[in-house]
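Engineer: Have a look at this one before I ask anything.
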Amino acid sequence: MRKLITFLLIVFVGIQSAAQGDRGAKPVDKPPVKTKDRLALVIGNSSYSTVSPLTNPSNDADSMAHYLRKMGFDVLLHKEINKKKTKEVIADFQTRLNEYEVALFYYAGHAAESKGENYLYPVD
């Protein structure tokens, strides 16, 4: 009986060690990132005045914003925005970044790359 109790104790300690990792890590009381600490900027441009309009970006932005909110993100959603508004919302996003631990930028619309530089097309 004593051998059985010793064996079970060794197995229990082994299971606990495996669950905590080889370094004896203790469980974390809170998740590493609070849901209040997530910010997303979502832009969807479909209706262009100078290039061909697109069908899906505005809807894609809505869907992405919906799922990001479900995942605990504070979402800044902007659709069909011109150059001036694009600069404003990106500047606002940059300003807010200091308040958050996690940031995500999602863009749906026309974009281009030229000489190693990437450009997003506003609707105008």
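Here, A, B, ... name the chains of the structure tokens in the order displayed, residue numbers run from 1 inside each chain, and ligands are numbered from 1 in the same displayed order.
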Skipping near chain neighbours, those fewer than 5 positions away, what residues fall within 12 Å of A:Asp62 using only C-alpha atoms, listed as a ChimeraX atom specification?
Structural biologist: /A:41-45,56-57,67-69,75-80,106-108
Engineer: Near stretch 110-112 of chain A, within 12 Å and counting only C-alpha atoms, which residues show up once chain neighbours fewer than 5 positions away are dropped, as a list in words?
Structural biologist: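 Surrounding residues, per the criterion: Ile43, Gly44, Asn45, Ser46, Ser47, Tyr48, Ser49, Thr50, Val51, Ser52, Pro53, Leu54, Thr55, Asn56, Pro57, Ser58, Glu80, Glu117, Asn118, Tyr119, Leu120, Tyr121, Pro122, Val123 and Asp124 of chain A.
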Engineer: If I take atom CA of A:Leu97 and atom CA of A:Asp60, how far is one from the other in Å, to one decimal?
Structural biologist: 23.4 Å
